[in-house]
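As provided, entry-v1.cif (mmCIF, C-alpha atoms) reads as follows.
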```cif
data_my_file
#
loop_
_atom_site.label_atom_id
_atom_site.label_comp_id
_atom_site.auth_asym_id
_atom_site.auth_seq_id
_atom_site.Cartn_x
_atom_site.Cartn_y
_atom_site.Cartn_z
CA MET A 573 -98.10 -22.38 -41.06
CA LYS A 574 -99.66 -19.18 -42.30
CA SER A 575 -99.48 -17.61 -38.88
CA ARG A 576 -95.80 -18.52 -38.68
CA TYR A 577 -95.10 -16.55 -41.87
CA VAL A 578 -97.04 -13.63 -40.49
CA THR A 579 -94.90 -13.72 -37.36
CA TYR A 580 -91.66 -13.92 -39.37
CA THR A 581 -92.80 -11.04 -41.58
CA ILE A 582 -93.70 -8.85 -38.59
CA ALA A 583 -90.37 -9.62 -36.94
CA LEU A 584 -88.53 -8.76 -40.15
CA LEU A 585 -90.46 -5.53 -40.60
CA ILE A 586 -89.53 -4.51 -37.07
CA LEU A 587 -85.88 -5.41 -37.53
CA LEU A 588 -85.20 -4.02 -41.01
CA PRO A 589 -85.13 -0.31 -40.20
CA VAL A 590 -83.05 -0.93 -37.10
CA LEU A 591 -80.57 -3.07 -39.05
CA GLY A 592 -80.38 -0.38 -41.70
CA ALA A 593 -79.66 2.27 -39.11
CA ALA A 594 -77.01 0.13 -37.49
CA GLN A 595 -75.26 -0.41 -40.80
CA THR A 596 -75.10 3.27 -41.63
CA ASP A 597 -73.94 4.17 -38.13
CA GLU A 598 -70.27 3.65 -38.99
CA GLU A 599 -67.96 2.96 -36.10
CA ARG A 600 -64.65 4.63 -36.81
CA GLU A 601 -61.48 3.55 -35.15
CA SER A 602 -60.53 5.97 -32.40
CA GLY A 603 -57.66 6.32 -29.95
CA ARG A 604 -54.96 6.82 -32.56
CA SER A 605 -54.40 9.14 -35.46
CA ILE A 606 -55.49 8.08 -38.92
CA HIS A 607 -54.88 11.18 -40.96
CA ARG A 608 -57.72 12.25 -43.25
CA ASP A 609 -58.04 15.06 -45.75
CA GLY A 610 -61.02 17.37 -46.15
CA TRP A 611 -62.92 14.81 -48.21
CA ASP A 612 -62.39 12.17 -45.54
CA ARG A 613 -59.80 10.28 -47.54
CA ILE A 614 -57.00 8.64 -45.60
CA ALA A 615 -53.85 10.65 -46.26
CA PRO A 616 -50.15 9.93 -45.85
CA GLU A 617 -48.48 10.84 -42.56
CA GLY A 618 -45.43 9.77 -40.62
CA PRO A 619 -41.86 9.52 -41.85
CA LEU A 620 -41.30 8.93 -45.54
CA THR A 621 -40.79 5.26 -46.22
CA GLU A 622 -39.31 5.50 -49.70
CA LYS A 623 -36.33 7.33 -51.10
CA SER A 624 -37.38 10.61 -52.64
CA ALA A 625 -36.70 11.71 -56.18
CA PRO A 626 -34.53 14.81 -56.65
CA ALA A 627 -36.20 18.18 -56.24
CA PRO A 628 -37.46 19.88 -59.39
CA ILE A 629 -35.63 23.08 -60.23
CA ARG A 630 -37.08 26.36 -58.94
CA ASP A 631 -40.38 24.79 -58.03
CA LEU A 632 -42.21 25.03 -54.68
CA SER A 633 -45.62 24.13 -56.03
CA GLY A 634 -47.71 21.48 -54.34
CA ILE A 635 -49.69 20.72 -51.23
CA TRP A 636 -47.49 20.67 -48.16
CA GLU A 637 -48.07 19.51 -44.59
CA PRO A 638 -45.84 19.46 -41.52
CA THR A 639 -44.00 16.19 -41.09
CA PRO A 640 -43.43 13.65 -39.63
CA ARG A 641 -46.72 14.52 -37.94
CA TYR A 642 -49.29 16.75 -39.60
CA ARG A 643 -49.81 18.48 -36.22
CA ASP A 644 -46.17 19.45 -35.78
CA GLY A 645 -46.97 23.00 -36.87
CA VAL A 646 -49.53 23.67 -34.11
CA GLN A 647 -46.97 25.49 -31.92
CA ASN A 648 -49.42 26.14 -29.10
CA THR A 649 -46.78 27.60 -26.77
CA GLY A 650 -45.23 29.86 -29.35
CA ALA A 651 -42.78 29.71 -32.24
CA ARG A 652 -41.43 26.19 -32.55
CA ASN A 653 -37.81 27.21 -32.26
CA MET A 654 -38.41 29.61 -29.35
CA PRO A 655 -41.44 28.43 -27.35
CA SER A 656 -42.57 30.34 -24.30
CA ASP A 657 -41.63 27.63 -21.82
CA GLY A 658 -39.44 29.43 -19.30
CA ARG A 659 -36.23 27.79 -20.47
CA PRO A 660 -33.33 30.30 -20.58
CA GLU A 661 -32.35 29.33 -24.11
CA HIS A 662 -35.84 30.29 -25.29
CA GLU A 663 -35.90 33.77 -23.76
CA LEU A 664 -36.26 36.32 -26.52
CA PRO A 665 -33.93 39.35 -26.76
CA PHE A 666 -36.62 41.87 -25.83
CA THR A 667 -36.00 45.59 -25.80
CA PRO A 668 -37.65 47.34 -22.80
CA LEU A 669 -40.56 48.26 -25.09
CA GLY A 670 -40.75 44.69 -26.35
CA LEU A 671 -40.92 43.26 -22.85
CA GLN A 672 -43.49 45.82 -21.76
CA THR A 673 -45.64 45.10 -24.81
CA TRP A 674 -45.37 41.35 -24.33
CA LYS A 675 -46.47 41.70 -20.70
CA SER A 676 -49.54 43.63 -21.83
CA HIS A 677 -50.57 40.67 -23.97
CA LYS A 678 -52.67 37.94 -22.36
CA PRO A 679 -52.28 34.72 -24.35
CA GLY A 680 -53.84 31.35 -23.66
CA TRP A 681 -50.53 29.50 -23.81
CA GLY A 682 -46.95 29.84 -22.62
CA VAL A 683 -45.49 31.14 -19.37
CA THR A 684 -47.73 34.22 -19.42
CA ALA A 685 -50.94 32.26 -20.14
CA VAL A 686 -54.24 33.36 -18.60
CA PRO A 687 -57.63 31.58 -18.43
CA THR A 688 -59.79 31.89 -21.53
CA ALA A 689 -62.08 34.50 -19.98
CA GLU A 690 -59.12 36.87 -19.53
CA LEU A 691 -57.57 36.57 -23.01
CA ASN A 692 -56.84 39.65 -25.06
CA ASP A 693 -55.62 37.61 -28.02
CA PRO A 694 -56.87 39.36 -31.18
CA PHE A 695 -57.25 36.01 -32.93
CA ALA A 696 -59.54 34.74 -30.15
CA GLY A 697 -62.19 37.10 -31.49
CA CYS A 698 -61.32 36.10 -35.06
CA ASP A 699 -59.32 39.14 -36.06
CA PRO A 700 -57.16 37.96 -38.96
CA ILE A 701 -54.36 35.76 -37.68
CA GLY A 702 -51.92 37.72 -39.86
CA PHE A 703 -48.34 37.08 -40.86
CA PRO A 704 -46.05 35.62 -39.53
CA ARG A 705 -48.44 34.03 -37.00
CA ILE A 706 -50.10 32.12 -39.84
CA GLU A 707 -46.84 30.13 -40.00
CA LEU A 708 -46.12 30.18 -36.27
CA PHE A 709 -49.47 28.94 -34.96
CA ASN A 710 -51.53 26.10 -36.35
CA LEU A 711 -49.48 25.80 -39.50
CA ARG A 712 -51.40 22.96 -41.10
CA ALA A 713 -51.69 22.19 -44.77
CA MET A 714 -50.72 24.84 -47.28
CA GLN A 715 -50.78 24.85 -51.05
CA ILE A 716 -48.18 26.72 -53.02
CA TRP A 717 -48.88 27.97 -56.54
CA GLN A 718 -46.27 29.81 -58.54
CA ASN A 719 -45.56 31.41 -61.88
CA LYS A 720 -42.66 33.52 -63.05
CA ASN A 721 -44.00 36.59 -61.27
CA GLN A 722 -45.16 35.33 -57.93
CA VAL A 723 -45.37 32.57 -55.36
CA GLN A 724 -48.79 32.28 -53.79
CA ILE A 725 -49.45 30.35 -50.60
CA VAL A 726 -52.94 29.19 -49.62
CA PHE A 727 -53.25 28.23 -45.96
CA GLN A 728 -55.63 25.74 -44.33
CA ASN A 729 -55.66 27.86 -41.19
CA SER A 730 -58.17 30.67 -41.74
CA GLN A 731 -58.35 29.78 -45.45
CA VAL A 732 -56.26 32.79 -46.44
CA TRP A 733 -53.51 33.40 -48.98
CA ARG A 734 -50.38 35.45 -49.39
CA ASN A 735 -48.62 36.65 -52.51
CA ILE A 736 -44.85 36.78 -52.61
CA TRP A 737 -43.85 38.84 -55.63
CA ALA A 738 -40.90 37.40 -57.55
CA ASP A 739 -40.98 39.77 -60.51
CA GLY A 740 -37.99 41.76 -59.35
CA ARG A 741 -39.83 44.52 -57.53
CA GLU A 742 -38.47 45.80 -54.23
CA LEU A 743 -40.31 46.14 -50.94
CA PRO A 744 -42.27 49.41 -50.68
CA LYS A 745 -40.05 52.32 -49.67
CA GLU A 746 -42.89 53.72 -47.63
CA ILE A 747 -45.80 51.82 -46.15
CA LEU A 748 -48.93 53.85 -46.85
CA GLU A 749 -51.21 51.15 -45.53
CA SER A 750 -50.16 48.33 -43.19
CA ARG A 751 -51.64 44.92 -44.00
CA TRP A 752 -52.54 41.84 -41.97
CA TYR A 753 -50.31 39.75 -44.23
CA GLY A 754 -47.88 42.48 -45.23
CA TYR A 755 -46.02 43.10 -48.47
CA SER A 756 -43.74 40.29 -49.64
CA VAL A 757 -41.04 39.94 -52.27
CA GLY A 758 -38.82 36.96 -52.96
CA LYS A 759 -36.13 35.55 -55.20
CA TRP A 760 -34.35 32.30 -55.93
CA ILE A 761 -30.86 32.28 -54.47
CA ASP A 762 -30.16 28.89 -56.03
CA ASP A 763 -32.21 26.31 -57.92
CA TYR A 764 -33.76 24.91 -54.74
CA THR A 765 -33.89 27.86 -52.34
CA PHE A 766 -36.37 30.73 -52.44
CA VAL A 767 -35.96 33.60 -49.96
CA ALA A 768 -38.79 36.01 -49.17
CA GLN A 769 -38.86 39.27 -47.23
CA THR A 770 -42.04 40.71 -45.75
CA THR A 771 -42.78 44.09 -44.21
CA GLY A 772 -45.67 46.51 -43.69
CA LEU A 773 -47.35 44.26 -41.11
CA ASP A 774 -50.32 45.38 -39.05
CA GLU A 775 -49.27 45.95 -35.43
CA ARG A 776 -52.50 44.54 -34.07
CA THR A 777 -51.36 41.00 -34.83
CA TRP A 778 -49.18 38.86 -32.57
CA ILE A 779 -46.11 37.07 -33.83
CA ASP A 780 -47.14 33.78 -32.28
CA ASN A 781 -49.58 32.08 -29.94
CA ALA A 782 -47.61 33.13 -26.86
CA GLY A 783 -48.34 36.79 -27.53
CA ARG A 784 -44.88 37.80 -28.74
CA PRO A 785 -45.27 41.38 -30.03
CA HIS A 786 -44.09 43.23 -33.09
CA SER A 787 -44.00 46.83 -34.24
CA ASP A 788 -44.31 48.55 -37.58
CA GLN A 789 -40.57 47.94 -37.99
CA LEU A 790 -40.95 44.18 -38.28
CA THR A 791 -39.39 42.46 -41.25
CA VAL A 792 -39.67 38.72 -41.67
CA GLN A 793 -37.39 36.54 -43.74
CA GLU A 794 -38.56 33.15 -44.97
CA THR A 795 -36.26 30.65 -46.59
CA PHE A 796 -37.99 27.86 -48.48
CA HIS A 797 -35.53 25.12 -49.30
CA ARG A 798 -36.66 22.20 -51.45
CA VAL A 799 -34.57 19.32 -50.13
CA ASN A 800 -35.96 16.81 -52.62
CA LYS A 801 -39.24 16.09 -54.38
CA ASP A 802 -41.04 15.29 -51.13
CA ILE A 803 -39.52 17.58 -48.50
CA LEU A 804 -39.59 21.35 -48.17
CA GLU A 805 -37.85 23.09 -45.27
CA LEU A 806 -38.98 26.46 -43.95
CA THR A 807 -36.78 28.78 -41.92
CA LEU A 808 -38.31 31.98 -40.57
CA THR A 809 -36.43 34.85 -38.95
CA ILE A 810 -37.86 37.80 -37.02
CA ASN A 811 -36.18 41.19 -37.18
CA ASP A 812 -37.83 44.04 -35.29
CA PRO A 813 -35.40 46.52 -33.71
CA LYS A 814 -38.16 48.24 -31.75
CA MET A 815 -39.14 45.03 -29.94
CA TYR A 816 -35.99 42.88 -30.07
CA THR A 817 -32.32 43.77 -29.70
CA LYS A 818 -31.34 41.30 -32.43
CA PRO A 819 -33.00 39.03 -35.00
CA TRP A 820 -34.19 35.62 -33.81
CA THR A 821 -35.08 32.42 -35.58
CA ALA A 822 -38.66 31.28 -35.10
CA LEU A 823 -38.53 28.26 -37.45
CA ASP A 824 -35.32 26.47 -38.27
CA LYS A 825 -35.53 24.14 -41.26
CA PHE A 826 -39.08 23.17 -40.29
CA PRO A 827 -39.94 20.17 -42.52
CA LEU A 828 -43.05 19.86 -44.67
CA ARG A 829 -43.96 16.92 -46.86
CA LEU A 830 -45.54 16.92 -50.27
CA GLN A 831 -49.03 15.45 -50.18
CA PRO A 832 -50.70 13.72 -53.15
CA GLU A 833 -52.40 15.90 -55.76
CA TRP A 834 -55.80 14.56 -54.66
CA PHE A 835 -55.34 15.84 -51.10
CA ASP A 836 -58.19 18.20 -50.19
CA ILE A 837 -57.27 20.92 -47.72
CA ARG A 838 -59.67 20.92 -44.82
CA GLU A 839 -61.68 24.03 -43.94
CA GLN A 840 -60.42 25.58 -40.71
CA VAL A 841 -62.06 28.94 -40.26
CA CYS A 842 -62.31 31.19 -37.23
CA ALA A 843 -65.98 32.21 -37.34
CA PRO A 844 -66.94 35.18 -35.15
CA SER A 845 -70.26 33.55 -34.22
CA GLU A 846 -68.47 30.41 -33.05
CA ALA A 847 -65.88 32.43 -31.14
CA THR A 848 -68.71 34.31 -29.43
CA GLU A 849 -70.38 31.01 -28.60
CA PHE A 850 -67.10 29.77 -27.15
CA GLN A 851 -66.87 32.75 -24.82
CA GLY A 852 -70.55 32.40 -23.98
CA LEU A 853 -70.12 28.78 -22.96
CA MET A 854 -67.30 29.73 -20.62
CA LYS A 855 -69.48 32.37 -19.06
CA GLU A 856 -72.41 29.99 -18.86
CA ALA A 857 -70.31 27.44 -17.02
CA ALA A 858 -69.07 30.04 -14.56
CA GLU A 859 -72.57 31.33 -13.88
CA GLU A 860 -73.98 27.84 -13.47
CA LYS A 861 -71.60 27.35 -10.56
CA LYS A 862 -72.84 30.48 -8.83
CA LYS A 863 -76.45 29.25 -8.73
CA MET B 882 -97.07 -21.85 -31.16
CA LYS B 883 -93.76 -22.91 -29.70
CA ASN B 884 -91.94 -21.68 -32.85
CA ARG B 885 -93.80 -18.40 -32.77
CA VAL B 886 -92.71 -17.76 -29.21
CA ALA B 887 -89.12 -18.62 -30.13
CA VAL B 888 -89.17 -16.20 -33.06
CA LEU B 889 -90.61 -13.41 -30.94
CA VAL B 890 -88.09 -13.98 -28.16
CA PHE B 891 -85.24 -13.98 -30.70
CA ALA B 892 -86.57 -10.86 -32.41
CA SER B 893 -86.94 -9.09 -29.10
CA LEU B 894 -83.40 -9.94 -28.05
CA VAL B 895 -81.92 -8.72 -31.34
CA LEU B 896 -84.05 -5.60 -31.25
CA PHE B 897 -83.05 -4.89 -27.66
CA THR B 898 -79.38 -5.30 -28.52
CA LEU B 899 -79.60 -3.04 -31.55
CA VAL B 900 -81.60 -0.37 -29.76
CA ILE B 901 -79.05 -0.30 -26.98
CA ARG B 902 -76.32 -0.04 -29.59
CA SER B 903 -78.00 2.69 -31.58
CA THR B 904 -78.64 4.89 -28.58
CA SER B 905 -75.44 4.25 -27.95
CA ALA B 906 -56.89 24.70 -29.15
CA HIS B 907 -55.67 29.86 -29.12
CA HIS B 908 -57.10 28.72 -25.86
CA GLY B 909 -54.91 26.98 -23.40
CA ASN B 910 -54.91 25.12 -20.14
CA ALA B 911 -54.35 28.06 -17.82
CA GLY B 912 -57.95 27.97 -16.64
CA TYR B 913 -57.80 24.29 -15.69
CA ASP B 914 -56.49 22.36 -12.71
CA LYS B 915 -54.76 19.14 -13.65
CA LYS B 916 -57.19 16.63 -12.23
CA THR B 917 -58.85 13.58 -13.72
CA VAL B 918 -62.61 13.38 -13.33
CA VAL B 919 -64.97 10.76 -14.74
CA VAL B 920 -68.63 11.74 -15.11
CA LYS B 921 -71.59 9.72 -16.36
CA GLY B 922 -74.22 11.82 -18.02
CA THR B 923 -76.73 12.40 -20.79
CA ILE B 924 -75.69 14.38 -23.84
CA THR B 925 -77.61 17.61 -24.35
CA GLU B 926 -75.55 19.07 -27.20
CA TRP B 927 -72.45 18.37 -29.31
CA ARG B 928 -70.96 21.47 -30.86
CA TRP B 929 -68.53 20.82 -33.71
CA THR B 930 -66.99 24.28 -33.73
CA ASN B 931 -63.74 26.19 -33.92
CA PRO B 932 -61.59 26.99 -32.12
CA HIS B 933 -62.65 24.01 -30.01
CA SER B 934 -65.52 21.57 -29.92
CA PHE B 935 -67.84 21.17 -26.93
CA LEU B 936 -69.78 18.31 -25.48
CA LYS B 937 -72.58 19.44 -23.22
CA PHE B 938 -74.08 16.85 -20.91
CA ASP B 939 -76.18 16.58 -17.77
CA ALA B 940 -75.19 14.50 -14.79
CA LYS B 941 -76.56 14.12 -11.26
CA ASP B 942 -74.72 15.14 -8.14
CA GLU B 943 -74.70 13.20 -4.86
CA ASN B 944 -78.07 14.77 -3.92
CA GLY B 945 -79.71 13.81 -7.18
CA ASN B 946 -79.68 17.33 -8.57
CA VAL B 947 -79.02 17.80 -12.27
CA VAL B 948 -75.63 19.32 -13.00
CA HIS B 949 -74.89 20.83 -16.41
CA TRP B 950 -71.42 19.99 -17.66
CA ILE B 951 -69.41 21.38 -20.54
CA GLY B 952 -66.55 19.32 -21.89
CA GLU B 953 -64.10 21.17 -24.08
CA TRP B 954 -62.35 19.10 -26.71
CA ASN B 955 -59.90 19.72 -29.52
CA ALA B 956 -60.62 21.44 -32.82
CA PRO B 957 -62.58 19.52 -35.47
CA SER B 958 -59.52 19.55 -37.75
CA THR B 959 -57.72 17.44 -35.15
CA LEU B 960 -60.53 15.25 -33.82
CA ILE B 961 -61.52 14.06 -37.30
CA ASN B 962 -58.20 12.24 -37.53
CA PHE B 963 -58.99 10.30 -34.37
CA GLY B 964 -62.30 8.91 -35.53
CA ILE B 965 -64.34 11.62 -33.80
CA THR B 966 -66.75 13.44 -36.11
CA ALA B 967 -69.62 15.90 -36.11
CA LYS B 968 -71.91 12.87 -35.91
CA SER B 969 -70.18 11.02 -33.10
CA PHE B 970 -72.72 11.97 -30.43
CA LYS B 971 -76.47 12.19 -30.27
CA VAL B 972 -78.60 14.14 -27.85
CA GLY B 973 -79.98 11.84 -25.18
CA GLU B 974 -77.16 9.31 -25.27
CA GLU B 975 -75.83 8.09 -21.95
CA VAL B 976 -72.06 8.47 -21.98
CA THR B 977 -69.11 8.32 -19.62
CA VAL B 978 -66.82 11.31 -20.01
CA THR B 979 -63.24 11.44 -18.75
CA MET B 980 -61.69 14.88 -18.29
CA ASP B 981 -58.08 15.52 -17.30
CA GLY B 982 -58.50 19.18 -16.39
CA ILE B 983 -61.25 20.90 -14.42
CA ALA B 984 -61.95 24.65 -14.37
CA LYS B 985 -60.06 26.41 -11.61
CA SER B 986 -63.08 28.66 -11.18
CA GLY B 987 -65.05 25.69 -9.87
CA ALA B 988 -67.37 25.69 -12.88
CA ASN B 989 -68.47 22.33 -14.26
CA LEU B 990 -66.16 22.70 -17.18
CA GLY B 991 -63.42 20.29 -18.15
CA ARG B 992 -61.07 19.20 -20.89
CA VAL B 993 -62.28 15.96 -22.42
CA THR B 994 -59.85 13.11 -23.02
CA LYS B 995 -62.22 10.19 -23.56
CA VAL B 996 -65.89 9.45 -24.04
CA VAL B 997 -67.36 5.98 -23.74
CA LEU B 998 -70.52 5.48 -25.77
CA PRO B 999 -73.39 3.24 -24.69
CA SER B 1000 -72.06 0.65 -27.14
CA GLY B 1001 -68.85 0.52 -25.15
CA GLN B 1002 -66.85 2.16 -27.92
CA GLU B 1003 -64.23 4.53 -26.61
CA LEU B 1004 -63.60 7.80 -28.43
CA SER B 1005 -60.28 9.44 -27.61
CA MET B 1006 -57.07 10.86 -28.98
CA GLY B 1007 -55.06 8.20 -27.17
CA ASP B 1008 -51.99 9.73 -25.60
CA GLU B 1009 -52.16 12.85 -27.73
CA ARG B 1010 -53.62 16.19 -26.71
#
```
Is it possible to express this structure as structure tokens?
Amino acid sequence: MKSRYVTYTIALLILLPVLGAAQTDEERESGRSIHRDGWDRIAPEGPLTEKSAPAPIRDLSGIWEPTPRYRDGVQNTGARNMPSDGRPEHELPFTPLGLQTWKSHKPGWGVTAVPTAELNDPFAGCDPIGFPRIELFNLRAMQIWQNKNQVQIVFQNSQVWRNIWADGRELPKEILESRWYGYSVGKWIDDYTFVAQTTGLDERTWIDNAGRPHSDQLTVQETFHRVNKDILELTLTINDPKMYTKPWTALDKFPLRLQPEWFDIREQVCAPSEATEFQGLMKEAAEEKKK
Amino acid sequence: MKNRVAVLVFASLVLFTLVIRSTSAHHGNAGYDKKTVVVKGTITEWRWTNPHSFLKFDAKDENGNVVHWIGEWNAPSTLINFGITAKSFKVGEEVTVTMDGIAKSGANLGRVTKVVLPSGQELSMGDER
């Protein structure tokens, strides 16, 4: 009898740590999207299932994500409304300089895509993504804060922010110093529509992930229209007479949904050390083949 | 004595089962040929990094030589929503990796679409990329 207890005890002692490990080794469901925020909480996604309340007046504040799918703002092949896909209706109105500049760019996506080792995408090395690309590539969650003087947008992508001044000032008459995210001013044109203009953008940035170029003459117009409490639409227009013969619309009423106040915006940072590792792995794979 | 043997056999079976269980994109597709390849291998590293994550694993070719593979997968901010986390893989695990694009250069580099763990659990983004 005593020896039986000893045997049971030994068996239990062997099993306990293994059972413990198995219980903490959570098996998550895979194969379909279950949207989670930065604190691993399951977050709303998909079409809205309930009727929305009316929009608050002159208020863009909140945490917003593309909808119906939170990945709808990825725009790998270029601006959502004008992707680089070879379709005639998506050909941009390039000037000769615009076309020449675009051809000098080597993006990873679109009709002019090259393999990773040949990229000259400034963002591949973690140069700032800049504006308007921050809204035309990997537009994920963004949080808008506002007061009477400004609208501030905090982006998940690159964890950067922009200020849109709404205190009545005008855009700078002269740009003494170009900026990655430019100089922005905005105003309410009605109780639910805020229009922003941005200029003074650094020429080293690309407009989108397909390498569309811009010059120091670029001005960008954003129209934020609060449809109701839960939906915000963003329209973005590019105007750069050096690169394009006429303005073109990059986003056309792109929908974003209001996320709950508890939603934590995930960190999504381009780290130079990781980008270097990425390139190194590509090289490593190529060299391994040569052996 | 008979009971003791039964307990030990049971314990061994459970232990065996549990041990088996417990061991259980800026950059585009231009560098890949559209081709589906399935490779069984042993994980050597799982890098949860931006812009993309990487699963490094060793497999054996037809001559028994070790081949180092790199599987490129989506960004962490996407994978996390599909049940794939920084802790999904452990070095030394035997896995089956499905890739739907292989480097045009001939390098052992592919785009991962699915990984089957020793437990049989499948990690994937389903039909999404």
* Excluding segment 952-968 of chain B and any residue of its chain fewer than 2 positions from it, enumerate the residues within 9 Å of it, using all atoms listed in the file, and give them as a PyMOL selection string. => (chain A and resi 599-610+612+614+643+838-840) or (chain B and resi 906+927-938+950+970-971+978+980+989-994+1004-1007+1010)
* **Pick from B:Gly987, B:Gly922, B:Gly973, B:Gly945 nearest to chain A, counting only C-alpha atoms** =>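 Of B:Gly987, B:Gly922, B:Gly973, B:Gly945, the one nearest chain A is B:Gly987, counting only C-alpha atoms.
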* When the PyMOL selection byres ((chain A and resi 803) around 7) is applied to the file above, which residues end up in the set, as a list in words? -> Arg798, Val799, Asn800, Lys801, Asp802, Leu804, Glu805, Pro827, Leu828, Arg829 and Leu830 of chain A
What are the centre and edge lengths in Å, to one decimal, of the axis-aligned box around all listed atoms of segment 615-628 of chain A with 6 Å added on each side, as lines of an AutoDock Vina configuration file?
```
center_x = -44.2
center_y = 12.6
center_z = -50.0
size_x = 31.3
size_y = 26.6
size_z = 30.8
```
* To do: May I ask which of the residues B:Thr923, B:Ile983, B:Ala988, B:Val996 is the closest one to Ala911 of chain B, counting all atoms listed in the file?
  => B:Ile983
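The spacing separating atom CA of Gln789 of chain A from atom CA of Phe766 of chain A amounts to 22.9 Å.
Taking all atoms listed in the file into account, Ile924 of chain B lies nearest to B:Val972 out of the set B:Val972, B:Ile951, B:Leu998, B:Asn944.
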* Kindly resolve the PyMOL selection byres ((chain A and resi 750) around 10) on the present coordinates and return the residues as a PyMOL selection string. => chain A and resi 747-749+751-755+771-775+788
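The coordinates place atom CA of Glu707 of chain A at 9.0 Å from atom CA of Phe727 of chain A.
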* Between atom CA of Asp981 of chain B and atom CA of Val841 of chain A, what is the distance, to one decimal in Å? -> 26.9 Å
List the residues matched by the PyMOL selection byres ((chain A and resi 649) around 12) in the displayed structure as a PDB file with C-alpha atoms, in the frame of the given file, ordered by chain and then by residue number.
```pdb
ATOM      1  CA  GLY A 645     -46.970  23.000 -36.870  1.00  0.00           C
ATOM      2  CA  VAL A 646     -49.530  23.670 -34.110  1.00  0.00           C
ATOM      3  CA  GLN A 647     -46.970  25.490 -31.920  1.00  0.00           C
ATOM      4  CA  ASN A 648     -49.420  26.140 -29.100  1.00  0.00           C
ATOM      5  CA  GLY A 650     -45.230  29.860 -29.350  1.00  0.00           C
ATOM      6  CA  ALA A 651     -42.780  29.710 -32.240  1.00  0.00           C
ATOM      7  CA  ARG A 652     -41.430  26.190 -32.550  1.00  0.00           C
ATOM      8  CA  ASN A 653     -37.810  27.210 -32.260  1.00  0.00           C
ATOM      9  CA  MET A 654     -38.410  29.610 -29.350  1.00  0.00           C
ATOM     10  CA  PRO A 655     -41.440  28.430 -27.350  1.00  0.00           C
ATOM     11  CA  SER A 656     -42.570  30.340 -24.300  1.00  0.00           C
ATOM     12  CA  ASP A 657     -41.630  27.630 -21.820  1.00  0.00           C
ATOM     13  CA  GLY A 658     -39.440  29.430 -19.300  1.00  0.00           C
ATOM     14  CA  HIS A 662     -35.840  30.290 -25.290  1.00  0.00           C
ATOM     15  CA  PRO A 679     -52.280  34.720 -24.350  1.00  0.00           C
ATOM     16  CA  GLY A 680     -53.840  31.350 -23.660  1.00  0.00           C
ATOM     17  CA  TRP A 681     -50.530  29.500 -23.810  1.00  0.00           C
ATOM     18  CA  GLY A 682     -46.950  29.840 -22.620  1.00  0.00           C
ATOM     19  CA  VAL A 683     -45.490  31.140 -19.370  1.00  0.00           C
ATOM     20  CA  THR A 684     -47.730  34.220 -19.420  1.00  0.00           C
ATOM     21  CA  ALA A 685     -50.940  32.260 -20.140  1.00  0.00           C
ATOM     22  CA  LEU A 708     -46.120  30.180 -36.270  1.00  0.00           C
ATOM     23  CA  PHE A 709     -49.470  28.940 -34.960  1.00  0.00           C
ATOM     24  CA  ASN A 710     -51.530  26.100 -36.350  1.00  0.00           C
ATOM     25  CA  ILE A 779     -46.110  37.070 -33.830  1.00  0.00           C
ATOM     26  CA  ASP A 780     -47.140  33.780 -32.280  1.00  0.00           C
ATOM     27  CA  ASN A 781     -49.580  32.080 -29.940  1.00  0.00           C
ATOM     28  CA  ALA A 782     -47.610  33.130 -26.860  1.00  0.00           C
ATOM     29  CA  GLY A 783     -48.340  36.790 -27.530  1.00  0.00           C
ATOM     30  CA  ARG A 784     -44.880  37.800 -28.740  1.00  0.00           C
TER      31      ARG A 784
ATOM     32  CA  ALA B 906     -56.890  24.700 -29.150  1.00  0.00           C
ATOM     33  CA  HIS B 907     -55.670  29.860 -29.120  1.00  0.00           C
ATOM     34  CA  HIS B 908     -57.100  28.720 -25.860  1.00  0.00           C
ATOM     35  CA  GLY B 909     -54.910  26.980 -23.400  1.00  0.00           C
ATOM     36  CA  ASN B 910     -54.910  25.120 -20.140  1.00  0.00           C
ATOM     37  CA  ALA B 911     -54.350  28.060 -17.820  1.00  0.00           C
TER      38      ALA B 911
END
```
